[in-house]
Amino acid sequence: MFEHYREPLLSMEAFVARLALHGLIFVGMVVGALGIGLLGYHGLEGLSWVDALVNASMLLGGMGPVNELHTAAGKVFASGYALFSGLFFVVAMGVLLAPMAHRLLHRFHLQHDSEDADQP
């Protein structure tokens with residue numbers, strides 16, 4: 001998906017398009033993860049849609065649940081969703097930041113190669 005290190009740096013327009021694509025992927029991932037939490041809290045714990053959204057959002061944001069859990073199924077789901085949310089944050093930020101990190105490293109590599117070419 002990314003250019004090889006021997007290829008030239010992407011144009012700014014292509015880079016912005018890549019950022020937009022990764023941003024859309026990120027938004028889709030967040031909506032999907034929120035949907036999982038929303039359905040789990042609403043279906044297993046019987047919370048209203050708004051309360052389920054608040055709980056799912058708070059867990060995805062790293063804050064923790066808001067409402068008290070009453071069922072065993074809801075507690076098991078909340079436990080799994082909390083573990084999923086912690087890993088999801090790392091993966092989602094990787095997707096969002098990958099184009100910027102790649103461009104930075106690619107630029108450093110191009111500068112390094114041009115400096116080595118100047119050496120006899």
# chains A, B, ... in the order shown; residues from 1 in each chain; ligands from 1
>>> closest_atom_pairs(of="stretch 41-82 of chain A", to="stretch 13-31 of chain A", cutoff="12 Å", atoms="only C-alpha atoms", output="CSV")
residue,atom,partner,partner_atom,distance
A:Leu53,CA,A:Val31,CA,11.0
A:Ala56,CA,A:Val30,CA,10.7
A:Ser57,CA,A:Val30,CA,9.5
A:Leu59,CA,A:Val30,CA,12.0
A:Leu60,CA,A:Val30,CA,8.5
A:Gly61,CA,A:Val30,CA,10.5
>>> atom_distance(atom1="atom CA of A:Ala101", atom2="atom CA of A:Ser85")
23.0 Å
>>> residues_around(residues="stretch 73-78 of chain A", least_positions_apart="2", cutoff="6 Å", atoms="only C-alpha atoms", output="list in words")
Leu44, Glu45, Thr71, Gly80, Tyr81 and Ala82 of chain A
>>> write_last_selection(atoms="N, CA and C atoms", output="PDB file, in the first residue's frame")
ATOM      1  N   LEU A  44     -27.700  -7.344  26.220  1.00  0.00           N
ATOM      2  CA  LEU A  44     -27.378  -8.204  27.362  1.00  0.00           C
ATOM      3  C   LEU A  44     -27.687  -7.561  28.709  1.00  0.00           C
ATOM      4  N   GLU A  45     -27.600  -6.274  28.770  1.00  0.00           N
ATOM      5  CA  GLU A  45     -27.795  -5.588  30.052  1.00  0.00           C
ATOM      6  C   GLU A  45     -29.134  -4.847  30.105  1.00  0.00           C
ATOM      7  N   THR A  71     -26.538  -8.120  35.254  1.00  0.00           N
ATOM      8  CA  THR A  71     -26.612  -9.518  34.815  1.00  0.00           C
ATOM      9  C   THR A  71     -25.210 -10.089  34.638  1.00  0.00           C
ATOM     10  N   GLY A  80     -15.057  -8.482  28.434  1.00  0.00           N
ATOM     11  CA  GLY A  80     -14.475  -8.716  27.112  1.00  0.00           C
ATOM     12  C   GLY A  80     -14.390  -7.447  26.293  1.00  0.00           C
ATOM     13  N   TYR A  81     -15.413  -6.607  26.378  1.00  0.00           N
ATOM     14  CA  TYR A  81     -15.428  -5.360  25.616  1.00  0.00           C
ATOM     15  C   TYR A  81     -14.352  -4.399  26.127  1.00  0.00           C
ATOM     16  N   ALA A  82     -14.106  -4.422  27.425  1.00  0.00           N
ATOM     17  CA  ALA A  82     -13.050  -3.565  27.976  1.00  0.00           C
ATOM     18  C   ALA A  82     -11.680  -4.009  27.469  1.00  0.00           C
TER      19      ALA A  82
END
>>> atom_distance(atom1="atom CA of A:Leu34", atom2="atom CA of A:Leu96")
17.2 Å
>>> closest_residue(among="A:Pro99, A:Arg107, A:Gly43, A:Ser79", to="A:Phe2", atoms="only C-alpha atoms")
A:Pro99
>>> select_by_dssp(residues="chain A", states="helix (DSSP H, G or I)", output="PyMOL selection string")
chain A and resi 12-45+49-60+72-118
>>> atom_distance(atom1="atom CA of A:Met1", atom2="atom CA of A:Gly32")
23.0 Å
>>> residues_around(residues="A:Asn67", least_positions_apart="6", cutoff="9 Å", atoms="only C-alpha atoms", output="list in words")
Leu47, Asp51, Ala52, Val54 and Asn55 of chain A
>>> write_last_selection(atoms="C-alpha atoms", output="PDB file, in the first residue's frame")
ATOM      1  CA  LEU A  47     -29.790  -0.512  28.917  1.00  0.00           C
ATOM      2  CA  ASP A  51     -27.080   4.567  28.093  1.00  0.00           C
ATOM      3  CA  ALA A  52     -25.575   1.757  26.009  1.00  0.00           C
ATOM      4  CA  VAL A  54     -22.487   6.205  26.784  1.00  0.00           C
ATOM      5  CA  ASN A  55     -21.070   3.013  28.287  1.00  0.00           C
TER       6      ASN A  55
END
